[in-house]
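To start, the structure itself, in C-alpha coordinates.
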Amino acid sequence: MPAPERPDPHRAVRVDSPLFGELLLKLGIVTPKQIEEALSLQALNGQRLGEALISLGYVTREQIQEALGEALGLNHAPPGFLPVHPPLGEVLVGLKYLTLSQLDEALTLQRRSGRKLGEILVEHGYCSYKQLYEGLALQGRVAGRQESSVRAQPEAGHHRVMVVDDSPLACAFVQDGLVSLGYDVVCFQDPYEALEQVNKVQPAIVLSDLDMPGLDGMELCRRLKEGPTRAMPVIILTANDNDSERVSGLRAGADDYVNKSASMDELAARIESVMRRTGETERIRKLFARYTSDAVVEEILKSPDAVVLTGEKREVTTLFADIRNFTGLADSLPPEQTVGVLNQVLGGLADAVLTCGGTLDKFLGDGLMAVFGAPVFRPDDALRALQCAKMMMAFMVDLRRRAEAEWATTREGRPLKLELGIGVNTGAAVAGNIGGAVRTEYTCIGDAVNVAARLCALAGPGEILVGERTVAVLPGHEASFEELPPVRLRGKPHPVSLFRALW
(Lines give C-alpha, C1' and ligand atoms only; values in the text may rest on other atoms or scores of the structure.)
Protein backbone atom coordinates (compact mmCIF):
# COMPACT_ATOMS: atom_id res chain seq x y z
CA MET A 1 0.00 0.00 0.00
CA PRO A 2 1.30 3.50 -0.73
CA ALA A 3 2.46 5.61 2.21
CA PRO A 4 -0.14 8.18 3.31
CA GLU A 5 0.53 11.58 1.85
CA ARG A 6 1.74 14.15 4.35
CA PRO A 7 0.04 17.56 4.32
CA ASP A 8 1.92 20.50 2.91
CA PRO A 9 3.60 22.14 5.93
CA HIS A 10 3.52 25.53 4.23
CA ARG A 11 -0.17 25.64 3.38
CA ALA A 12 -1.85 28.80 4.59
CA VAL A 13 -4.71 28.85 7.08
CA ARG A 14 -8.05 28.80 5.30
CA VAL A 15 -9.68 32.19 5.19
CA ASP A 16 -13.00 30.65 6.28
CA SER A 17 -11.48 29.09 9.44
CA PRO A 18 -13.83 29.87 12.38
CA LEU A 19 -12.70 32.10 15.20
CA PHE A 20 -11.33 30.12 18.10
CA GLY A 21 -14.26 30.99 20.38
CA GLU A 22 -16.74 29.92 17.72
CA LEU A 23 -14.86 26.65 17.33
CA LEU A 24 -15.08 25.97 21.08
CA LEU A 25 -18.82 26.61 20.90
CA LYS A 26 -19.17 24.37 17.87
CA LEU A 27 -17.37 21.53 19.67
CA GLY A 28 -19.65 21.95 22.69
CA ILE A 29 -16.74 22.63 25.03
CA VAL A 30 -18.12 25.95 26.33
CA THR A 31 -21.39 27.88 26.40
CA PRO A 32 -22.02 31.35 24.90
CA LYS A 33 -22.22 32.82 28.41
CA GLN A 34 -18.83 31.34 29.33
CA ILE A 35 -17.30 32.83 26.16
CA GLU A 36 -18.84 36.20 27.07
CA GLU A 37 -17.35 36.07 30.60
CA ALA A 38 -13.94 35.07 29.21
CA LEU A 39 -13.99 37.97 26.72
CA SER A 40 -14.78 40.37 29.57
CA LEU A 41 -11.84 38.98 31.57
CA GLN A 42 -9.66 39.19 28.47
CA ALA A 43 -10.48 42.90 28.14
CA LEU A 44 -9.39 43.47 31.74
CA ASN A 45 -6.10 41.57 31.90
CA GLY A 46 -5.07 41.08 28.28
CA GLN A 47 -5.09 37.28 28.48
CA ARG A 48 -5.74 35.22 25.38
CA LEU A 49 -9.23 33.75 25.15
CA GLY A 50 -8.07 30.21 25.92
CA GLU A 51 -6.09 31.31 28.98
CA ALA A 52 -9.07 33.32 30.24
CA LEU A 53 -11.33 30.27 29.93
CA ILE A 54 -8.77 28.16 31.79
CA SER A 55 -8.41 30.70 34.61
CA LEU A 56 -12.21 30.79 34.98
CA GLY A 57 -12.25 27.00 35.30
CA TYR A 58 -14.46 26.43 32.24
CA VAL A 59 -11.97 24.34 30.27
CA THR A 60 -8.74 22.44 30.79
CA ARG A 61 -5.49 23.11 28.93
CA GLU A 62 -5.86 19.70 27.25
CA GLN A 63 -9.28 20.70 25.87
CA ILE A 64 -7.80 23.91 24.46
CA GLN A 65 -4.98 21.95 22.77
CA GLU A 66 -7.49 19.46 21.34
CA ALA A 67 -9.58 22.34 20.00
CA LEU A 68 -6.53 23.92 18.39
CA GLY A 69 -5.69 20.56 16.83
CA GLU A 70 -9.22 20.45 15.48
CA ALA A 71 -8.81 23.96 14.05
CA LEU A 72 -5.58 22.92 12.34
CA GLY A 73 -7.09 19.69 11.01
CA LEU A 74 -4.79 17.40 13.00
CA ASN A 75 -7.32 15.30 14.91
CA HIS A 76 -8.27 12.97 12.08
CA ALA A 77 -4.96 11.67 10.72
CA PRO A 78 -5.17 8.44 8.66
CA PRO A 79 -4.26 5.15 10.36
CA GLY A 80 -0.53 4.67 10.68
CA PHE A 81 0.17 8.33 10.09
CA LEU A 82 2.94 9.74 12.31
CA PRO A 83 1.79 13.04 13.88
CA VAL A 84 3.55 15.95 12.22
CA HIS A 85 4.18 19.47 13.39
CA PRO A 86 1.34 21.80 12.38
CA PRO A 87 2.72 24.70 10.35
CA LEU A 88 4.12 27.32 12.71
CA GLY A 89 2.27 30.11 10.91
CA GLU A 90 -1.06 28.37 11.50
CA VAL A 91 -0.31 27.97 15.20
CA LEU A 92 0.58 31.66 15.56
CA VAL A 93 -2.58 32.67 13.70
CA GLY A 94 -4.60 30.32 15.93
CA LEU A 95 -3.08 31.99 18.99
CA LYS A 96 -3.97 35.40 17.47
CA TYR A 97 -0.34 36.51 17.56
CA LEU A 98 -0.39 36.89 13.78
CA THR A 99 -2.89 37.94 11.12
CA LEU A 100 -3.45 36.09 7.86
CA SER A 101 -2.10 39.00 5.83
CA GLN A 102 1.09 39.11 7.94
CA LEU A 103 1.54 35.35 7.51
CA ASP A 104 1.04 35.59 3.73
CA GLU A 105 3.61 38.40 3.50
CA ALA A 106 6.13 36.49 5.64
CA LEU A 107 5.67 33.29 3.59
CA THR A 108 6.26 35.28 0.40
CA LEU A 109 9.50 36.67 1.86
CA GLN A 110 10.49 33.18 2.98
CA ARG A 111 10.04 31.75 -0.52
CA ARG A 112 12.22 34.54 -1.94
CA SER A 113 15.02 34.40 0.64
CA GLY A 114 14.90 30.83 1.92
CA ARG A 115 15.24 32.10 5.51
CA LYS A 116 13.45 30.69 8.53
CA LEU A 117 9.86 31.87 8.95
CA GLY A 118 10.36 32.73 12.64
CA GLU A 119 13.30 35.02 11.89
CA ILE A 120 11.27 36.91 9.29
CA LEU A 121 8.27 37.31 11.62
CA VAL A 122 10.37 38.77 14.45
CA GLU A 123 12.51 40.94 12.18
CA HIS A 124 9.39 42.59 10.71
CA GLY A 125 7.81 43.07 14.12
CA TYR A 126 4.87 40.74 13.46
CA CYS A 127 5.50 38.86 16.71
CA SER A 128 8.07 38.68 19.50
CA TYR A 129 10.51 35.89 20.30
CA LYS A 130 8.39 35.05 23.34
CA GLN A 131 5.31 34.57 21.16
CA LEU A 132 7.36 32.65 18.59
CA TYR A 133 8.75 30.21 21.16
CA GLU A 134 5.32 29.81 22.74
CA GLY A 135 4.02 28.88 19.29
CA LEU A 136 6.87 26.43 18.78
CA ALA A 137 6.18 24.83 22.17
CA LEU A 138 2.47 24.42 21.37
CA GLN A 139 3.39 23.14 17.91
CA GLY A 140 5.47 20.41 19.52
CA ARG A 141 2.74 19.51 22.03
CA VAL A 142 0.11 19.19 19.30
CA ALA A 143 2.42 17.05 17.14
CA GLY A 144 3.58 14.86 20.00
CA ARG A 145 0.15 14.42 21.58
CA GLN A 146 0.12 10.79 22.68
CA GLU A 147 -1.15 8.75 25.56
CA SER A 148 1.34 8.27 28.37
CA SER A 149 3.23 5.02 28.47
CA VAL A 150 1.07 2.04 29.47
CA ARG A 151 3.88 -0.50 29.67
CA ALA A 152 6.14 -1.02 32.62
CA GLN A 153 9.73 -0.02 32.02
CA PRO A 154 12.35 -2.77 31.85
CA GLU A 155 14.50 -3.58 34.82
CA ALA A 156 17.40 -1.25 35.59
CA GLY A 157 20.28 -1.80 33.21
CA HIS A 158 18.17 -3.60 30.57
CA HIS A 159 17.44 -1.62 27.41
CA ARG A 160 14.02 -1.91 25.81
CA VAL A 161 14.34 -2.73 22.10
CA MET A 162 11.60 -2.27 19.49
CA VAL A 163 11.96 -4.69 16.57
CA VAL A 164 10.07 -3.90 13.34
CA ASP A 165 10.02 -6.65 10.69
CA ASP A 166 7.17 -7.86 8.48
CA SER A 167 8.41 -11.46 8.89
CA PRO A 168 7.02 -13.16 12.06
CA LEU A 169 9.88 -15.66 11.89
CA ALA A 170 12.53 -12.91 11.79
CA CYS A 171 10.82 -11.07 14.68
CA ALA A 172 10.74 -14.23 16.79
CA PHE A 173 14.39 -15.02 16.03
CA VAL A 174 15.67 -11.55 17.04
CA GLN A 175 13.37 -11.41 20.06
CA ASP A 176 14.51 -14.80 21.42
CA GLY A 177 18.17 -13.94 20.93
CA LEU A 178 18.01 -10.51 22.58
CA VAL A 179 15.78 -11.67 25.45
CA SER A 180 18.31 -14.38 26.25
CA LEU A 181 20.93 -11.60 26.55
CA GLY A 182 18.80 -9.65 29.04
CA TYR A 183 17.00 -7.18 26.76
CA ASP A 184 13.30 -6.31 26.93
CA VAL A 185 11.98 -6.72 23.37
CA VAL A 186 8.73 -5.54 21.76
CA CYS A 187 8.01 -6.66 18.18
CA PHE A 188 5.86 -5.13 15.44
CA GLN A 189 5.25 -6.61 12.00
CA ASP A 190 3.41 -3.53 10.74
CA PRO A 191 5.68 -0.44 10.52
CA TYR A 192 2.67 1.91 10.65
CA GLU A 193 1.59 0.33 13.94
CA ALA A 194 5.14 0.70 15.23
CA LEU A 195 5.00 4.44 14.50
CA GLU A 196 1.68 4.71 16.30
CA GLN A 197 2.91 2.83 19.37
CA VAL A 198 6.48 4.13 19.71
CA ASN A 199 5.56 6.72 22.35
CA LYS A 200 3.65 4.12 24.36
CA VAL A 201 6.43 1.53 24.19
CA GLN A 202 9.22 4.09 24.78
CA PRO A 203 12.06 1.90 23.49
CA ALA A 204 15.68 2.80 24.09
CA ILE A 205 16.47 1.78 20.49
CA VAL A 206 14.65 0.64 17.33
CA LEU A 207 15.80 -2.25 15.09
CA SER A 208 14.05 -2.11 11.71
CA ASP A 209 14.10 -4.40 8.71
CA LEU A 210 15.08 -2.58 5.51
CA ASP A 211 12.70 -4.23 3.04
CA MET A 212 9.05 -4.05 4.15
CA PRO A 213 5.87 -3.50 2.11
CA GLY A 214 4.25 -0.08 2.29
CA LEU A 215 6.84 1.59 4.51
CA ASP A 216 10.45 0.44 4.26
CA GLY A 217 13.08 0.74 6.96
CA MET A 218 14.60 3.93 5.53
CA GLU A 219 11.25 5.76 5.50
CA LEU A 220 10.43 4.47 8.99
CA CYS A 221 13.79 5.80 10.18
CA ARG A 222 13.24 9.13 8.46
CA ARG A 223 9.84 9.58 10.14
CA LEU A 224 11.20 8.68 13.56
CA LYS A 225 14.04 11.19 13.14
CA GLU A 226 11.69 13.97 11.96
CA GLY A 227 9.25 13.75 14.85
CA PRO A 228 9.38 14.07 18.65
CA THR A 229 11.35 10.79 18.70
CA ARG A 230 14.27 12.29 16.73
CA ALA A 231 16.76 11.46 19.51
CA MET A 232 15.82 7.76 19.45
CA PRO A 233 18.63 5.64 17.93
CA VAL A 234 17.75 3.39 14.97
CA ILE A 235 19.63 0.37 13.59
CA ILE A 236 18.60 -0.96 10.18
CA LEU A 237 18.73 -4.74 9.63
CA THR A 238 19.11 -6.11 6.11
CA ALA A 239 19.95 -9.30 4.28
CA ASN A 240 21.65 -7.15 1.63
CA ASP A 241 25.08 -5.65 2.28
CA ASN A 242 24.88 -3.27 -0.66
CA ASP A 243 26.99 -0.14 -0.13
CA SER A 244 24.47 2.19 -1.79
CA GLU A 245 21.69 0.92 0.47
CA ARG A 246 23.92 1.35 3.51
CA VAL A 247 24.66 4.96 2.53
CA SER A 248 20.96 5.65 1.88
CA GLY A 249 20.06 4.25 5.29
CA LEU A 250 22.65 6.38 7.05
CA ARG A 251 21.47 9.47 5.17
CA ALA A 252 17.95 8.74 6.39
CA GLY A 253 19.31 9.14 9.92
CA ALA A 254 20.10 5.55 10.87
CA ASP A 255 22.69 5.23 13.63
CA ASP A 256 24.02 1.89 12.35
CA TYR A 257 23.49 -0.77 9.70
CA VAL A 258 23.70 -4.50 10.54
CA ASN A 259 23.54 -7.53 8.25
CA LYS A 260 20.93 -10.10 9.29
CA SER A 261 23.57 -12.81 9.05
CA ALA A 262 25.48 -11.24 11.97
CA SER A 263 25.60 -13.19 15.21
CA MET A 264 23.42 -12.22 18.12
CA ASP A 265 26.56 -11.23 20.06
CA GLU A 266 27.57 -8.84 17.26
CA LEU A 267 24.06 -7.37 17.15
CA ALA A 268 24.14 -6.85 20.93
CA ALA A 269 27.59 -5.23 20.64
CA ARG A 270 26.25 -2.85 17.96
CA ILE A 271 23.28 -1.97 20.18
CA GLU A 272 25.57 -1.19 23.11
CA SER A 273 27.89 0.88 20.90
CA VAL A 274 24.99 2.98 19.59
CA MET A 275 23.59 3.36 23.12
CA ARG A 276 26.97 4.60 24.37
CA ARG A 277 27.08 7.22 21.62
CA THR A 278 23.52 8.20 22.43
CA GLY A 279 24.48 8.47 26.10
CA GLU A 280 27.31 10.84 25.18
CA THR A 281 24.86 12.95 23.19
CA GLU A 282 22.55 13.07 26.20
CA ARG A 283 25.50 14.06 28.39
CA ILE A 284 26.18 17.03 26.09
CA ARG A 285 22.48 17.85 26.06
CA LYS A 286 22.31 17.89 29.88
CA LEU A 287 25.55 19.89 30.12
CA PHE A 288 24.29 22.72 27.92
CA ALA A 289 20.67 22.48 29.08
CA ARG A 290 21.80 24.15 32.30
CA TYR A 291 22.98 27.19 30.34
CA THR A 292 20.84 27.59 27.27
CA SER A 293 17.56 26.75 25.54
CA ASP A 294 16.56 23.44 23.94
CA ALA A 295 16.74 25.05 20.50
CA VAL A 296 20.41 25.99 21.01
CA VAL A 297 21.22 22.54 22.40
CA GLU A 298 19.72 20.95 19.27
CA GLU A 299 21.95 23.15 17.09
CA ILE A 300 25.01 22.12 19.12
CA LEU A 301 24.12 18.44 18.70
CA LYS A 302 23.58 18.85 14.95
CA SER A 303 27.02 20.42 14.45
CA PRO A 304 29.20 19.50 17.44
CA ASP A 305 32.39 20.25 15.49
CA ALA A 306 31.28 23.88 15.11
CA VAL A 307 31.27 24.37 18.88
CA VAL A 308 34.66 25.22 20.37
CA LEU A 309 34.82 24.91 24.17
CA THR A 310 38.56 25.39 24.58
CA GLY A 311 38.48 29.06 23.62
CA GLU A 312 37.82 31.13 20.51
CA LYS A 313 37.32 34.78 19.61
CA ARG A 314 33.90 35.69 18.23
CA GLU A 315 31.39 38.53 18.18
CA VAL A 316 28.74 38.18 20.88
CA THR A 317 26.03 40.32 22.42
CA THR A 318 26.23 40.34 26.21
CA LEU A 319 23.40 41.24 28.54
CA PHE A 320 23.73 42.09 32.24
CA ALA A 321 20.63 42.53 34.41
CA ASP A 322 20.67 43.72 38.00
CA ILE A 323 17.79 44.02 40.47
CA ARG A 324 17.51 47.49 41.97
CA ASN A 325 16.44 48.05 45.60
CA PHE A 326 16.89 44.39 46.48
CA THR A 327 19.40 44.96 49.30
CA GLY A 328 16.98 47.27 51.11
CA LEU A 329 14.12 44.82 50.64
CA ALA A 330 16.24 41.88 51.85
CA ASP A 331 17.06 43.73 55.08
CA SER A 332 13.35 43.91 55.93
CA LEU A 333 12.45 40.27 55.13
CA PRO A 334 13.12 36.95 56.86
CA PRO A 335 15.98 34.98 55.17
CA GLU A 336 13.72 32.31 53.69
CA GLN A 337 11.41 34.94 52.19
CA THR A 338 14.40 36.85 50.79
CA VAL A 339 15.63 33.71 49.01
CA GLY A 340 12.11 32.97 47.77
CA VAL A 341 11.71 36.44 46.23
CA LEU A 342 15.19 36.30 44.69
CA ASN A 343 14.54 32.87 43.15
CA GLN A 344 11.22 34.06 41.77
CA VAL A 345 12.78 37.11 40.12
CA LEU A 346 15.92 35.39 38.80
CA GLY A 347 13.81 32.47 37.56
CA GLY A 348 11.71 34.84 35.45
CA LEU A 349 14.79 36.60 34.07
CA ALA A 350 16.45 33.27 33.24
CA ASP A 351 13.30 32.12 31.44
CA ALA A 352 13.52 35.21 29.22
CA VAL A 353 17.13 34.33 28.30
CA LEU A 354 16.27 30.74 27.39
CA THR A 355 13.11 31.75 25.52
CA CYS A 356 15.13 34.07 23.27
CA GLY A 357 17.79 31.42 22.62
CA GLY A 358 20.55 32.95 24.74
CA THR A 359 23.11 31.28 26.99
CA LEU A 360 22.69 31.84 30.72
CA ASP A 361 26.30 32.54 31.66
CA LYS A 362 25.99 33.02 35.43
CA PHE A 363 23.97 34.44 38.30
CA LEU A 364 25.61 37.42 39.99
CA GLY A 365 24.04 37.75 43.44
CA ASP A 366 20.89 39.71 42.63
CA GLY A 367 21.50 39.77 38.88
CA LEU A 368 22.69 37.68 35.95
CA MET A 369 24.85 37.65 32.84
CA ALA A 370 23.63 36.22 29.53
CA VAL A 371 25.37 35.79 26.18
CA PHE A 372 23.88 35.69 22.67
CA GLY A 373 26.28 34.30 20.05
CA ALA A 374 28.15 31.63 22.04
CA PRO A 375 28.43 28.68 21.91
CA VAL A 376 26.11 28.97 18.86
CA PHE A 377 26.20 32.02 16.59
CA ARG A 378 23.04 33.36 14.96
CA PRO A 379 22.83 36.37 12.66
CA ASP A 380 20.08 37.92 14.81
CA ASP A 381 21.84 37.54 18.20
CA ALA A 382 21.66 41.28 18.93
CA LEU A 383 17.92 41.35 18.19
CA ARG A 384 17.41 38.33 20.46
CA ALA A 385 19.28 40.08 23.28
CA LEU A 386 17.13 43.22 22.87
CA GLN A 387 13.93 41.16 22.85
CA CYS A 388 15.18 39.37 25.98
CA ALA A 389 15.80 42.69 27.79
CA LYS A 390 12.28 43.87 26.96
CA MET A 391 10.80 40.57 28.13
CA MET A 392 12.66 40.96 31.42
CA MET A 393 11.25 44.45 31.93
CA ALA A 394 7.72 43.24 31.11
CA PHE A 395 8.17 40.38 33.59
CA MET A 396 9.15 42.81 36.36
CA VAL A 397 6.12 45.02 35.64
CA ASP A 398 3.83 41.99 35.82
CA LEU A 399 5.54 40.76 39.01
CA ARG A 400 5.01 44.13 40.73
CA ARG A 401 1.39 44.25 39.60
CA ARG A 402 0.68 40.80 41.02
CA ALA A 403 2.52 41.61 44.26
CA GLU A 404 0.54 44.82 44.73
CA ALA A 405 -2.76 43.00 44.08
CA GLU A 406 -1.81 40.35 46.65
CA TRP A 407 -0.79 43.01 49.18
CA ALA A 408 -4.06 44.88 48.65
CA THR A 409 -5.90 41.68 49.56
CA THR A 410 -3.84 40.55 52.55
CA ARG A 411 -2.24 43.82 53.79
CA GLU A 412 0.64 41.69 55.05
CA GLY A 413 4.17 43.11 54.90
CA ARG A 414 4.57 45.59 52.06
CA PRO A 415 4.12 45.36 48.27
CA LEU A 416 7.12 44.39 46.17
CA LYS A 417 8.81 47.50 44.71
CA LEU A 418 11.71 45.93 42.85
CA GLU A 419 13.07 47.49 39.65
CA LEU A 420 15.54 46.27 37.05
CA GLY A 421 18.51 47.86 35.27
CA ILE A 422 19.92 46.24 32.10
CA GLY A 423 23.05 46.78 30.01
CA VAL A 424 23.47 45.31 26.50
CA ASN A 425 26.60 45.50 24.33
CA THR A 426 27.93 43.79 21.21
CA GLY A 427 31.57 43.16 20.36
CA ALA A 428 34.45 40.71 20.19
CA ALA A 429 34.98 38.40 23.16
CA VAL A 430 36.83 35.19 23.98
CA ALA A 431 34.41 32.32 24.63
CA GLY A 432 35.32 28.99 26.20
CA ASN A 433 35.60 26.86 29.32
CA ILE A 434 37.49 28.87 31.93
CA GLY A 435 38.62 27.69 35.36
CA GLY A 436 40.81 25.09 37.03
CA ALA A 437 40.98 21.32 37.38
CA VAL A 438 38.28 21.24 40.06
CA ARG A 439 35.72 23.62 38.54
CA THR A 440 35.28 25.20 35.13
CA GLU A 441 32.48 27.17 33.50
CA TYR A 442 31.64 28.18 29.96
CA THR A 443 31.79 31.99 29.74
CA CYS A 444 32.85 35.00 27.67
CA ILE A 445 35.50 37.56 28.59
CA GLY A 446 36.74 40.74 26.93
CA ASP A 447 36.30 44.50 26.68
CA ALA A 448 32.83 44.24 25.09
CA VAL A 449 31.66 42.16 28.07
CA ASN A 450 33.08 44.70 30.54
CA VAL A 451 31.29 47.54 28.75
CA ALA A 452 27.96 45.67 29.00
CA ALA A 453 28.50 45.25 32.77
CA ARG A 454 29.26 48.97 33.21
CA LEU A 455 26.22 49.98 31.16
CA CYS A 456 24.13 47.83 33.49
CA ALA A 457 25.62 49.63 36.50
CA LEU A 458 24.74 53.00 34.89
CA ALA A 459 21.16 52.01 34.02
CA GLY A 460 18.46 53.50 36.17
CA PRO A 461 15.40 51.59 37.40
CA GLY A 462 13.44 50.30 34.42
CA GLU A 463 16.15 51.37 31.96
CA ILE A 464 17.88 49.37 29.20
CA LEU A 465 21.20 50.96 28.14
CA VAL A 466 22.68 49.76 24.86
CA GLY A 467 26.13 50.11 23.30
CA GLU A 468 26.82 51.64 19.89
CA ARG A 469 27.76 48.37 18.16
CA THR A 470 24.46 46.73 19.13
CA VAL A 471 22.50 49.57 17.51
CA ALA A 472 24.74 49.40 14.42
CA VAL A 473 23.99 45.70 13.79
CA LEU A 474 20.22 46.32 13.99
CA PRO A 475 19.48 48.34 10.84
CA GLY A 476 15.84 49.34 10.54
CA HIS A 477 15.38 49.42 14.31
CA GLU A 478 16.65 52.99 14.87
CA ALA A 479 13.22 54.07 16.16
CA SER A 480 13.60 51.58 19.01
CA PHE A 481 16.45 53.60 20.55
CA GLU A 482 16.97 57.04 22.04
CA GLU A 483 20.49 58.44 21.70
CA LEU A 484 21.97 59.76 24.95
CA PRO A 485 25.06 61.93 25.60
CA PRO A 486 28.33 59.92 25.48
CA VAL A 487 29.61 58.73 28.86
CA ARG A 488 33.04 57.98 30.30
CA LEU A 489 33.48 54.39 31.46
CA ARG A 490 36.21 53.09 33.71
CA GLY A 491 39.06 51.69 31.62
CA LYS A 492 38.02 53.53 28.42
CA PRO A 493 40.21 56.50 27.30
CA HIS A 494 37.40 58.23 25.40
CA PRO A 495 33.68 58.78 26.01
CA VAL A 496 31.45 55.90 24.82
CA SER A 497 28.35 56.42 22.69
CA LEU A 498 25.21 55.48 24.57
CA PHE A 499 21.61 54.60 23.67
CA ARG A 500 18.47 53.84 25.63
CA ALA A 501 16.18 51.08 24.33
CA LEU A 502 12.55 52.08 24.20
CA TRP A 503 10.08 49.50 25.44
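As shown in the C-alpha coordinates, the chain order sets the letters A, B, ...; within each chain, residues go from 1, and ligands are also counted from 1 in the order they appear.
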Which residues, written as a PyMOL selection string, have at least one atom at most 12 Å from Lys33 of chain A, with only C-alpha atoms counted and residues fewer than 6 positions away on the same chain left out?
-> chain A and resi 21+25+39-40+53+58
Between segment 308-383 of chain A and segment 420-431 of chain A, at 12 Å or less, what are the per-residue closest atom pairs and their distances in Å? Count only C-alpha atoms, order by chain and rising residue number, and return it as JSON lines.
```
{"residue": "A:Val308", "atom": "CA", "partner": "A:Ala431", "partner_atom": "CA", "distance": 8.3}
{"residue": "A:Leu309", "atom": "CA", "partner": "A:Ala431", "partner_atom": "CA", "distance": 7.4}
{"residue": "A:Thr310", "atom": "CA", "partner": "A:Ala431", "partner_atom": "CA", "distance": 8.1}
{"residue": "A:Gly311", "atom": "CA", "partner": "A:Ala431", "partner_atom": "CA", "distance": 5.3}
{"residue": "A:Glu312", "atom": "CA", "partner": "A:Val430", "partner_atom": "CA", "distance": 5.4}
{"residue": "A:Lys313", "atom": "CA", "partner": "A:Val430", "partner_atom": "CA", "distance": 4.4}
{"residue": "A:Arg314", "atom": "CA", "partner": "A:Ala428", "partner_atom": "CA", "distance": 5.4}
{"residue": "A:Glu315", "atom": "CA", "partner": "A:Ala428", "partner_atom": "CA", "distance": 4.3}
{"residue": "A:Val316", "atom": "CA", "partner": "A:Thr426", "partner_atom": "CA", "distance": 5.7}
{"residue": "A:Thr317", "atom": "CA", "partner": "A:Thr426", "partner_atom": "CA", "distance": 4.1}
{"residue": "A:Thr318", "atom": "CA", "partner": "A:Asn425", "partner_atom": "CA", "distance": 5.5}
{"residue": "A:Leu319", "atom": "CA", "partner": "A:Val424", "partner_atom": "CA", "distance": 4.6}
{"residue": "A:Phe320", "atom": "CA", "partner": "A:Gly423", "partner_atom": "CA", "distance": 5.2}
{"residue": "A:Ala321", "atom": "CA", "partner": "A:Ile422", "partner_atom": "CA", "distance": 4.4}
{"residue": "A:Asp322", "atom": "CA", "partner": "A:Gly421", "partner_atom": "CA", "distance": 5.4}
{"residue": "A:Ile323", "atom": "CA", "partner": "A:Leu420", "partner_atom": "CA", "distance": 4.7}
{"residue": "A:Arg324", "atom": "CA", "partner": "A:Leu420", "partner_atom": "CA", "distance": 5.4}
{"residue": "A:Asn325", "atom": "CA", "partner": "A:Leu420", "partner_atom": "CA", "distance": 8.8}
{"residue": "A:Phe326", "atom": "CA", "partner": "A:Leu420", "partner_atom": "CA", "distance": 9.7}
{"residue": "A:Val345", "atom": "CA", "partner": "A:Leu420", "partner_atom": "CA", "distance": 10.0}
{"residue": "A:Leu346", "atom": "CA", "partner": "A:Leu420", "partner_atom": "CA", "distance": 11.0}
{"residue": "A:Leu349", "atom": "CA", "partner": "A:Leu420", "partner_atom": "CA", "distance": 10.1}
{"residue": "A:Thr359", "atom": "CA", "partner": "A:Ala431", "partner_atom": "CA", "distance": 11.6}
{"residue": "A:Asp361", "atom": "CA", "partner": "A:Ala431", "partner_atom": "CA", "distance": 10.7}
{"residue": "A:Asp366", "atom": "CA", "partner": "A:Leu420", "partner_atom": "CA", "distance": 10.1}
{"residue": "A:Gly367", "atom": "CA", "partner": "A:Leu420", "partner_atom": "CA", "distance": 9.0}
{"residue": "A:Leu368", "atom": "CA", "partner": "A:Ile422", "partner_atom": "CA", "distance": 9.8}
{"residue": "A:Met369", "atom": "CA", "partner": "A:Gly423", "partner_atom": "CA", "distance": 9.7}
{"residue": "A:Ala370", "atom": "CA", "partner": "A:Val424", "partner_atom": "CA", "distance": 9.6}
{"residue": "A:Val371", "atom": "CA", "partner": "A:Val424", "partner_atom": "CA", "distance": 9.7}
{"residue": "A:Phe372", "atom": "CA", "partner": "A:Thr426", "partner_atom": "CA", "distance": 9.2}
{"residue": "A:Gly373", "atom": "CA", "partner": "A:Ala431", "partner_atom": "CA", "distance": 9.5}
{"residue": "A:Ala374", "atom": "CA", "partner": "A:Ala431", "partner_atom": "CA", "distance": 6.8}
{"residue": "A:Pro375", "atom": "CA", "partner": "A:Ala431", "partner_atom": "CA", "distance": 7.5}
{"residue": "A:Val376", "atom": "CA", "partner": "A:Ala431", "partner_atom": "CA", "distance": 10.7}
{"residue": "A:Phe377", "atom": "CA", "partner": "A:Ala431", "partner_atom": "CA", "distance": 11.5}
{"residue": "A:Asp380", "atom": "CA", "partner": "A:Thr426", "partner_atom": "CA", "distance": 11.7}
{"residue": "A:Asp381", "atom": "CA", "partner": "A:Thr426", "partner_atom": "CA", "distance": 9.2}
{"residue": "A:Ala382", "atom": "CA", "partner": "A:Thr426", "partner_atom": "CA", "distance": 7.1}
{"residue": "A:Leu383", "atom": "CA", "partner": "A:Thr426", "partner_atom": "CA", "distance": 10.7}
```
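You can rank A:Glu463, A:Glu219, A:Glu226, A:Asp184 by their closest distance to Phe499 of chain A using only C-alpha atoms, and at the top of that list sits A:Glu463.
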Counting only C-alpha atoms, what is within 8 Å of Leu484 of chain A, bar same-chain residues fewer than 3 positions away, as a list of chain:residue names?
-> A:Ser497, A:Leu498, A:Phe499, A:Arg500
